[in-house]
>>> print(open('data07.tsv').read())   # TSV, C-alpha atoms and all ligand atoms
chain	number	residue	atom	x	y	z
A	196	MET	CA	-92.89	23.00	31.96
A	197	SER	CA	-94.19	26.56	31.48
A	198	ASP	CA	-97.68	25.29	32.39
A	199	ALA	CA	-96.39	23.57	35.50
A	200	LEU	CA	-94.43	26.66	36.53
A	201	GLY	CA	-97.46	28.95	36.20
A	202	PHE	CA	-99.61	26.60	38.28
A	203	ALA	CA	-96.86	26.24	40.89
A	204	LEU	CA	-96.73	30.04	41.20
A	205	LEU	CA	-100.52	30.12	41.64
A	206	SER	CA	-100.38	27.49	44.37
A	207	ALA	CA	-97.50	29.36	46.04
A	208	ALA	CA	-99.80	32.39	46.23
A	209	GLY	CA	-102.12	30.18	48.33
A	210	ASN	CA	-99.38	29.96	50.99
A	211	LEU	CA	-99.18	33.76	51.18
A	212	LEU	CA	-102.98	34.12	51.30
A	213	GLY	CA	-103.12	31.72	54.25
A	214	ALA	CA	-100.42	33.73	56.05
A	215	ALA	CA	-102.31	36.98	55.32
A	216	ALA	CA	-105.47	35.51	56.93
A	217	VAL	CA	-103.47	34.82	60.10
A	218	ALA	CA	-101.77	38.25	60.10
A	219	ARG	CA	-105.16	40.00	59.74
A	220	ARG	CA	-106.80	37.67	62.28
A	221	ALA	CA	-109.58	36.91	59.79
A	222	THR	CA	-111.52	34.70	62.23
A	223	ALA	CA	-114.35	33.74	59.85
A	224	GLY	CA	-111.80	32.85	57.17
A	225	LEU	CA	-109.79	30.78	59.62
A	226	ARG	CA	-112.91	28.83	60.62
A	227	ALA	CA	-113.56	28.09	56.95
A	228	ILE	CA	-110.01	26.72	56.73
A	229	GLU	CA	-111.11	23.76	58.90
A	230	GLN	CA	-113.71	22.90	56.28
A	231	LEU	CA	-111.16	23.38	53.50
A	232	VAL	CA	-108.72	20.99	55.21
A	233	ALA	CA	-111.38	18.22	55.23
A	234	PHE	CA	-112.46	18.89	51.63
A	235	GLY	CA	-108.84	19.12	50.43
A	236	ALA	CA	-107.98	15.85	52.22
A	237	GLY	CA	-110.74	13.98	50.34
A	238	PHE	CA	-109.70	15.48	47.00
A	239	MET	CA	-105.98	14.90	47.53
A	240	LEU	CA	-106.36	11.33	48.81
A	241	SER	CA	-108.44	10.49	45.73
A	242	VAL	CA	-105.92	12.00	43.30
A	243	ALA	CA	-103.07	10.13	45.02
A	244	LEU	CA	-104.78	6.72	45.09
A	245	VAL	CA	-106.78	6.78	41.87
A	246	GLU	CA	-104.52	8.76	39.51
A	247	VAL	CA	-100.97	9.12	40.84
A	248	LEU	CA	-100.24	5.58	42.05
A	249	PRO	CA	-101.10	3.78	38.78
A	250	GLU	CA	-99.07	6.34	36.77
A	251	ALA	CA	-96.15	6.14	39.22
A	252	PHE	CA	-96.08	2.36	38.79
A	253	ALA	CA	-96.12	2.78	35.01
A	254	ARG	CA	-93.20	5.27	35.08
A	255	SER	CA	-90.98	3.78	37.79
A	256	GLY	CA	-91.79	0.07	37.29
A	257	THR	CA	-90.62	-2.26	40.04
A	258	ALA	CA	-88.90	0.63	41.88
A	259	ALA	CA	-92.25	2.40	42.37
A	260	PRO	CA	-93.43	0.80	45.65
A	261	ALA	CA	-90.14	1.56	47.46
A	262	LEU	CA	-90.11	5.14	46.09
A	263	VAL	CA	-93.69	5.78	47.25
A	264	LEU	CA	-92.79	4.42	50.68
A	265	ALA	CA	-89.61	6.56	50.76
A	266	GLY	CA	-91.65	9.70	50.00
A	267	TYR	CA	-94.12	8.83	52.76
A	268	LEU	CA	-91.39	8.11	55.34
A	269	ALA	CA	-89.38	11.24	54.41
A	270	VAL	CA	-92.32	13.48	55.39
A	271	HIS	CA	-92.72	11.67	58.69
A	272	LEU	CA	-89.01	12.10	59.37
A	273	THR	CA	-88.84	15.82	58.57
A	274	GLN	CA	-92.23	16.95	59.89
A	275	HIS	CA	-92.83	14.69	62.86
A	276	THR	CA	-89.57	13.12	64.02
A	277	LEU	CA	-86.97	15.91	63.86
A	278	THR	CA	-89.47	18.62	64.94
A	279	PRO	CA	-90.63	19.23	68.54
A	280	HIS	CA	-94.16	20.29	67.54
A	281	PHE	CA	-96.07	20.25	64.27
A	282	HIS	CA	-99.57	19.65	63.05
A	283	PHE	CA	-101.72	21.08	60.29
A	284	GLY	CA	-104.29	23.83	60.94
A	285	GLU	CA	-104.19	27.03	62.97
A	286	GLU	CA	-101.83	26.91	65.96
A	287	THR	CA	-103.81	28.07	68.97
A	288	HIS	CA	-101.47	27.40	71.91
A	289	ALA	CA	-97.97	28.58	72.81
A	290	VAL	CA	-95.10	26.48	71.43
A	291	PRO	CA	-91.33	26.60	72.06
A	292	ARG	CA	-89.49	29.23	70.01
A	293	VAL	CA	-87.54	26.60	68.06
A	294	ALA	CA	-90.80	24.91	66.94
A	295	GLY	CA	-91.42	27.63	64.34
A	296	THR	CA	-88.06	27.24	62.61
A	297	SER	CA	-87.98	23.44	62.76
A	298	ALA	CA	-91.54	23.19	61.38
A	299	LEU	CA	-90.52	25.50	58.53
A	300	VAL	CA	-87.51	23.31	57.67
A	301	GLY	CA	-89.70	20.19	57.81
A	302	LEU	CA	-92.39	21.77	55.64
A	303	LEU	CA	-89.84	22.87	53.03
A	304	LEU	CA	-89.23	19.26	51.96
A	305	HIS	CA	-92.95	18.60	51.66
A	306	THR	CA	-93.62	21.83	49.75
A	307	PHE	CA	-90.69	21.09	47.41
A	308	PHE	CA	-92.45	17.82	46.57
A	309	ASP	CA	-95.74	19.70	46.06
A	310	GLY	CA	-93.89	21.27	43.11
A	311	VAL	CA	-92.36	17.95	41.98
A	312	ALA	CA	-95.91	16.50	41.97
A	313	ILE	CA	-97.31	19.30	39.77
A	314	ALA	CA	-94.38	19.11	37.33
A	315	SER	CA	-94.46	15.28	37.19
A	316	GLY	CA	-98.21	15.34	36.61
A	317	PHE	CA	-97.85	17.68	33.62
A	318	LEU	CA	-95.09	15.42	32.25
A	319	VAL	CA	-97.56	12.52	32.14
A	320	ARG	CA	-100.50	14.52	30.69
A	321	PRO	CA	-102.05	17.97	31.26
A	322	GLU	CA	-105.12	16.44	32.97
A	323	LEU	CA	-103.01	14.83	35.68
A	324	GLY	CA	-101.02	18.03	36.16
A	325	LEU	CA	-104.25	20.00	36.60
A	326	LEU	CA	-105.72	17.47	39.05
A	327	LEU	CA	-102.54	17.60	41.13
A	328	PHE	CA	-102.56	21.39	40.97
A	329	CYS	CA	-106.16	21.44	42.32
A	330	ALA	CA	-105.27	18.99	45.11
A	331	ILE	CA	-102.22	21.02	46.09
A	332	LEU	CA	-103.92	24.40	45.81
A	333	LEU	CA	-106.67	23.20	48.20
A	334	HIS	CA	-104.15	22.55	50.97
A	335	LYS	CA	-101.87	25.53	50.24
A	336	LEU	CA	-104.11	27.96	52.12
A	337	PRO	CA	-104.22	25.79	55.27
A	338	GLU	CA	-100.46	25.29	54.84
A	339	GLY	CA	-99.91	29.08	54.92
A	340	VAL	CA	-102.19	29.36	57.96
A	341	THR	CA	-100.28	26.53	59.67
A	342	ILE	CA	-96.81	28.04	59.32
A	343	ALA	CA	-97.86	31.66	59.97
A	344	SER	CA	-99.85	30.80	63.12
A	345	LEU	CA	-97.07	28.49	64.34
A	346	MET	CA	-94.56	31.34	63.96
A	347	LEU	CA	-96.85	33.63	65.98
A	348	ALA	CA	-97.38	30.94	68.64
A	349	ALA	CA	-93.57	30.58	68.84
A	350	GLY	CA	-93.37	34.28	69.76
A	351	ARG	CA	-92.18	35.60	66.42
A	352	PRO	CA	-93.48	38.77	64.70
A	353	PRO	CA	-96.20	38.39	61.99
A	354	ARG	CA	-93.68	39.47	59.33
A	355	GLN	CA	-91.70	36.28	59.94
A	356	GLY	CA	-94.86	34.24	59.44
A	357	THR	CA	-95.39	35.83	56.03
A	358	LEU	CA	-91.72	35.29	55.12
A	359	ALA	CA	-91.96	31.63	56.14
A	360	ALA	CA	-95.09	31.17	54.00
A	361	GLY	CA	-93.25	32.84	51.11
A	362	ALA	CA	-90.36	30.39	51.56
A	363	LEU	CA	-92.80	27.47	51.30
A	364	GLY	CA	-94.14	28.90	48.04
A	365	ILE	CA	-90.59	29.31	46.68
A	366	ALA	CA	-89.82	25.65	47.58
A	367	THR	CA	-92.83	24.56	45.50
A	368	VAL	CA	-91.63	26.57	42.50
A	369	ALA	CA	-88.12	25.12	43.02
A	370	GLY	CA	-89.67	21.64	42.95
A	371	VAL	CA	-91.03	22.32	39.46
A	372	LEU	CA	-87.71	23.72	38.21
A	373	CYS	CA	-85.68	20.79	39.65
A	374	THR	CA	-88.00	18.15	38.19
A	375	ASP	CA	-87.12	19.41	34.72
A	376	ARG	CA	-83.38	19.46	35.40
A	377	VAL	CA	-82.70	16.42	37.59
A	378	ALA	CA	-82.91	13.17	35.61
A	379	PHE	CA	-83.87	11.12	38.67
A	380	LEU	CA	-86.86	13.37	39.42
A	381	LEU	CA	-87.84	13.46	35.77
A	382	THR	CA	-88.40	9.69	35.89
A	383	HIS	CA	-89.19	8.96	39.53
A	384	GLY	CA	-90.59	12.30	40.75
A	385	LEU	CA	-94.16	11.07	40.43
A	386	ALA	CA	-93.58	7.99	42.63
A	387	LEU	CA	-91.68	9.97	45.30
A	388	SER	CA	-94.19	12.82	45.35
A	389	GLY	CA	-96.99	10.22	45.33
A	390	GLY	CA	-95.76	9.03	48.73
A	391	VAL	CA	-95.52	12.63	49.95
A	392	THR	CA	-99.03	13.45	48.68
A	393	LEU	CA	-100.42	10.32	50.35
A	394	TYR	CA	-98.82	11.38	53.64
A	395	VAL	CA	-100.09	14.96	53.42
A	396	ALA	CA	-103.66	13.81	52.67
A	397	ALA	CA	-103.99	10.82	55.00
A	398	SER	CA	-101.55	11.60	57.79
A	399	ASN	CA	-101.44	15.44	57.92
A	400	LEU	CA	-104.90	16.57	56.88
A	401	VAL	CA	-107.19	13.70	58.02
A	402	PRO	CA	-105.91	13.69	61.64
A	403	GLU	CA	-106.84	17.40	61.84
A	404	PHE	CA	-110.57	16.61	61.79
A	405	GLN	CA	-111.04	12.90	62.46
A	406	GLY	CA	-111.42	13.45	66.22
A	407	LYS	CA	-114.02	16.20	65.86
A	408	ARG	CA	-117.73	15.41	66.36
A	409	GLY	CA	-120.58	16.16	64.00
A	410	TRP	CA	-121.31	15.72	60.32
A	411	ARG	CA	-119.93	18.97	58.90
A	412	LEU	CA	-116.31	17.87	58.51
A	413	PRO	CA	-116.89	14.23	57.39
A	414	LEU	CA	-119.30	15.59	54.78
A	415	ALA	CA	-116.65	18.00	53.49
A	416	PHE	CA	-114.16	15.08	53.36
A	417	PHE	CA	-116.49	12.84	51.33
A	418	ALA	CA	-117.46	15.81	49.15
A	419	GLY	CA	-113.75	16.31	48.39
A	420	ALA	CA	-113.55	12.73	47.07
A	421	GLY	CA	-116.71	13.31	45.01
A	422	ALA	CA	-115.34	16.59	43.67
A	423	PHE	CA	-112.25	14.72	42.45
A	424	TYR	CA	-114.38	12.48	40.22
A	425	LEU	CA	-116.40	15.46	38.96
A	426	THR	CA	-113.25	17.47	38.19
A	427	ARG	CA	-111.64	14.51	36.45
A	428	ASP	CA	-114.75	14.04	34.33
A	429	LEU	CA	-114.86	17.75	33.49
A	430	LEU	CA	-111.17	17.83	32.54
A	431	HIS	CA	-111.63	14.73	30.42
A	432	ARG	CA	-114.19	16.59	28.33
A	433	MET	CA	-112.18	19.81	28.12
A	434	VAL	CA	-108.51	18.83	27.78
A	501	ZN	ZN	-100.16	22.80	68.29
A	502	ZN	ZN	-98.06	21.17	50.74
>>> encode(input="data07.tsv", output="structure tokens")
Amino acid sequence: MSDALGFALLSAAGNLLGAAAVARRATAGLRAIEQLVAFGAGFMLSVALVEVLPEAFARSGTAAPALVLAGYLAVHLTQHTLTPHFHFGEETHAVPRVAGTSALVGLLLHTFFDGVAIASGFLVRPELGLLLFCAILLHKLPEGVTIASLMLAAGRPPRQGTLAAGALGIATVAGVLCTDRVAFLLTHGLALSGGVTLYVAASNLVPEFQGKRGWRLPLAFFAGAGAFYLTRDLLHRMV
């Protein structure tokens, strides 16, 4: 658990870094975020499909498919059904004032399960915990950019964007702490967070670049999947 907690804190720092890039209007950094979203999507999708799903089925047995589906549907409900406007990446147009708050509430569930995923991964074996940490860290920066820029676009001061990003980080740390204390999450956290991770990769991150022309972003996406196999191989030799 101490390992998982440390890595959750590191990934939470990614949220704040993303918010800082928005507050400082670091244009070059924000452009690089687009690339990071594509790379992170490839990495995260690979971890979810290749590593998390088989382990989730081993831990949760016949309940696993329904739990994965429940995790997937829960993100759609909180991020895209109950919220007037939300998508990943920098918000570049004006949005209604309520969109900032409702997106934050929606993202809190997802970021809580970012923490459940890290903790559940470490419960299975350190390698899986580290792979999930990498996948989650890669999208934490864009996540911070998303909420901070959305707050600005909703007409709120930059300070509120930073606070919102901090809240997302705290939810991730809370996810780790709850996984250790709630028996249901201890057993089924991996299956539930597997559905959440699948949603974030395939339905939050991929739509952010799939409509854009050119080779730059698809290459980053495929490279993310390749980097997953390289990282797994590397961890296999080290851990
Ligand atoms: Zn928008
Ligand atoms: Zn997340």
>>> residues_near_ligand(input="data07.tsv", ligand="ligand ZN 502 (chain A)", cutoff="7 Å", atoms="all atoms listed in the file", output="list in words")
His305, Thr306, Asp309, Ile331, His334, Lys335 and Glu338 of chain A
>>> closest_residue(input="data07.tsv", among="A:Ala314, A:Leu387, A:Leu332, A:Ile342", to="Val270 (chain A)", atoms="only C-alpha atoms")
A:Leu387
>>> residues_around(input="data07.tsv", residues="region 272-289 of chain A", least_positions_apart="3", cutoff="9 Å", atoms="all atoms listed in the file", output="VMD selection string")
chain A and resid 217 225 228 to 229 232 267 to 269 292 to 295 297 to 302 304 to 305 337 to 338 340 to 350 399 to 400 402 to 403
>>> closest_residue(input="data07.tsv", among="A:Pro353, A:Gly266, A:Gly421, A:Pro291", to="Ala386 (chain A)", atoms="only C-alpha atoms")
A:Gly266
>>> closest_residue(input="data07.tsv", among="A:Ala223, A:Leu205, A:Val290, A:Ala216", to="ligand ZN 501 (chain A)", atoms="all atoms listed in the file")
A:Val290
>>> residues_around(input="data07.tsv", residues="Phe379 (chain A)", least_positions_apart="5", cutoff="12 Å", atoms="all atoms listed in the file", output="list in words")
Arg254, Ser255, Leu262, Val311, Ser315, Cys373, Thr374, Gly384, Leu385, Ala386 and Leu387 of chain A
>>> axis_aligned_box(input="data07.tsv", around="region 228-241 of chain A", padding_each_side="8 Å", output="lines of an AutoDock Vina configuration file")
center_x = -109.8
center_y = 18.6
center_z = 52.3
size_x = 23.7
size_y = 32.2
size_z = 29.2
>>> residues_near_point(input="data07.tsv", point="(-113.5, 16.2, 30.8)", cutoff="12 Å", atoms="only C-alpha atoms", output="PDB file with C-alpha atoms, in the frame of the given file")
ATOM      1  CA  PRO A 321    -102.050  17.970  31.260  1.00  0.00           C
ATOM      2  CA  GLU A 322    -105.120  16.440  32.970  1.00  0.00           C
ATOM      3  CA  LEU A 323    -103.010  14.830  35.680  1.00  0.00           C
ATOM      4  CA  LEU A 325    -104.250  20.000  36.600  1.00  0.00           C
ATOM      5  CA  LEU A 326    -105.720  17.470  39.050  1.00  0.00           C
ATOM      6  CA  PHE A 423    -112.250  14.720  42.450  1.00  0.00           C
ATOM      7  CA  TYR A 424    -114.380  12.480  40.220  1.00  0.00           C
ATOM      8  CA  LEU A 425    -116.400  15.460  38.960  1.00  0.00           C
ATOM      9  CA  THR A 426    -113.250  17.470  38.190  1.00  0.00           C
ATOM     10  CA  ARG A 427    -111.640  14.510  36.450  1.00  0.00           C
ATOM     11  CA  ASP A 428    -114.750  14.040  34.330  1.00  0.00           C
ATOM     12  CA  LEU A 429    -114.860  17.750  33.490  1.00  0.00           C
ATOM     13  CA  LEU A 430    -111.170  17.830  32.540  1.00  0.00           C
ATOM     14  CA  HIS A 431    -111.630  14.730  30.420  1.00  0.00           C
ATOM     15  CA  ARG A 432    -114.190  16.590  28.330  1.00  0.00           C
ATOM     16  CA  MET A 433    -112.180  19.810  28.120  1.00  0.00           C
ATOM     17  CA  VAL A 434    -108.510  18.830  27.780  1.00  0.00           C
TER      18      VAL A 434
END
>>> atom_distance(input="data07.tsv", atom1="CA of Leu372 (chain A)", atom2="CA of Asn210 (chain A)")
18.4 Å
>>> atom_distance(input="data07.tsv", atom1="CA of Arg354 (chain A)", atom2="CA of Val368 (chain A)")
21.3 Å
>>> atom_distance(input="data07.tsv", atom1="CA of Phe202 (chain A)", atom2="CA of Leu240 (chain A)")
19.7 Å
>>> closest_residue(input="data07.tsv", among="A:Leu303, A:Ala251, A:Ala397, A:Val371", to="Asp198 (chain A)", atoms="all atoms listed in the file")
A:Val371
>>> closest_residue(input="data07.tsv", among="A:Cys329, A:Arg351, A:Ala362, A:Gly339", to="Ser241 (chain A)", atoms="all atoms listed in the file")
A:Cys329
>>> build_atoms(input="data07.tsv", residues="region 249-262 of chain A", atoms="N, CA, C and O atoms", output="PDB file, in the frame of the given file")
ATOM      1  N   PRO A 249    -101.236   4.577  40.012  1.00  0.00           N
ATOM      2  CA  PRO A 249    -101.100   3.780  38.780  1.00  0.00           C
ATOM      3  C   PRO A 249    -100.064   4.369  37.807  1.00  0.00           C
ATOM      4  O   PRO A 249     -99.270   3.632  37.222  1.00  0.00           O
ATOM      5  N   GLU A 250    -100.045   5.701  37.676  1.00  0.00           N
ATOM      6  CA  GLU A 250     -99.070   6.340  36.770  1.00  0.00           C
ATOM      7  C   GLU A 250     -97.644   6.185  37.289  1.00  0.00           C
ATOM      8  O   GLU A 250     -96.704   6.020  36.518  1.00  0.00           O
ATOM      9  N   ALA A 251     -97.482   6.277  38.613  1.00  0.00           N
ATOM     10  CA  ALA A 251     -96.150   6.140  39.220  1.00  0.00           C
ATOM     11  C   ALA A 251     -95.616   4.737  38.961  1.00  0.00           C
ATOM     12  O   ALA A 251     -94.427   4.556  38.667  1.00  0.00           O
ATOM     13  N   PHE A 252     -96.499   3.742  39.051  1.00  0.00           N
ATOM     14  CA  PHE A 252     -96.080   2.360  38.790  1.00  0.00           C
ATOM     15  C   PHE A 252     -95.711   2.197  37.320  1.00  0.00           C
ATOM     16  O   PHE A 252     -94.768   1.485  36.986  1.00  0.00           O
ATOM     17  N   ALA A 253     -96.420   2.883  36.438  1.00  0.00           N
ATOM     18  CA  ALA A 253     -96.120   2.780  35.010  1.00  0.00           C
ATOM     19  C   ALA A 253     -94.774   3.428  34.696  1.00  0.00           C
ATOM     20  O   ALA A 253     -94.011   2.930  33.867  1.00  0.00           O
ATOM     21  N   ARG A 254     -94.458   4.554  35.372  1.00  0.00           N
ATOM     22  CA  ARG A 254     -93.200   5.270  35.080  1.00  0.00           C
ATOM     23  C   ARG A 254     -91.995   4.649  35.755  1.00  0.00           C
ATOM     24  O   ARG A 254     -90.913   4.579  35.174  1.00  0.00           O
ATOM     25  N   SER A 255     -92.145   4.243  37.017  1.00  0.00           N
ATOM     26  CA  SER A 255     -90.980   3.780  37.790  1.00  0.00           C
ATOM     27  C   SER A 255     -90.865   2.268  37.841  1.00  0.00           C
ATOM     28  O   SER A 255     -89.879   1.748  38.384  1.00  0.00           O
ATOM     29  N   GLY A 256     -91.849   1.541  37.335  1.00  0.00           N
ATOM     30  CA  GLY A 256     -91.790   0.070  37.290  1.00  0.00           C
ATOM     31  C   GLY A 256     -91.653  -0.539  38.669  1.00  0.00           C
ATOM     32  O   GLY A 256     -92.314  -0.106  39.622  1.00  0.00           O
ATOM     33  N   THR A 257     -90.728  -1.509  38.781  1.00  0.00           N
ATOM     34  CA  THR A 257     -90.620  -2.260  40.040  1.00  0.00           C
ATOM     35  C   THR A 257     -90.046  -1.402  41.169  1.00  0.00           C
ATOM     36  O   THR A 257     -90.131  -1.777  42.336  1.00  0.00           O
ATOM     37  N   ALA A 258     -89.447  -0.240  40.826  1.00  0.00           N
ATOM     38  CA  ALA A 258     -88.900   0.630  41.880  1.00  0.00           C
ATOM     39  C   ALA A 258     -90.011   1.450  42.543  1.00  0.00           C
ATOM     40  O   ALA A 258     -89.810   2.018  43.621  1.00  0.00           O
ATOM     41  N   ALA A 259     -91.191   1.500  41.904  1.00  0.00           N
ATOM     42  CA  ALA A 259     -92.250   2.400  42.370  1.00  0.00           C
ATOM     43  C   ALA A 259     -92.667   2.193  43.833  1.00  0.00           C
ATOM     44  O   ALA A 259     -92.716   3.170  44.589  1.00  0.00           O
ATOM     45  N   PRO A 260     -92.961   0.952  44.265  1.00  0.00           N
ATOM     46  CA  PRO A 260     -93.430   0.800  45.650  1.00  0.00           C
ATOM     47  C   PRO A 260     -92.457   1.365  46.674  1.00  0.00           C
ATOM     48  O   PRO A 260     -92.866   2.080  47.601  1.00  0.00           O
ATOM     49  N   ALA A 261     -91.140   1.075  46.495  1.00  0.00           N
ATOM     50  CA  ALA A 261     -90.140   1.560  47.460  1.00  0.00           C
ATOM     51  C   ALA A 261     -90.036   3.091  47.411  1.00  0.00           C
ATOM     52  O   ALA A 261     -89.828   3.742  48.438  1.00  0.00           O
ATOM     53  N   LEU A 262     -90.197   3.680  46.211  1.00  0.00           N
ATOM     54  CA  LEU A 262     -90.110   5.140  46.090  1.00  0.00           C
ATOM     55  C   LEU A 262     -91.304   5.816  46.763  1.00  0.00           C
ATOM     56  O   LEU A 262     -91.157   6.845  47.420  1.00  0.00           O
TER      57      LEU A 262
END
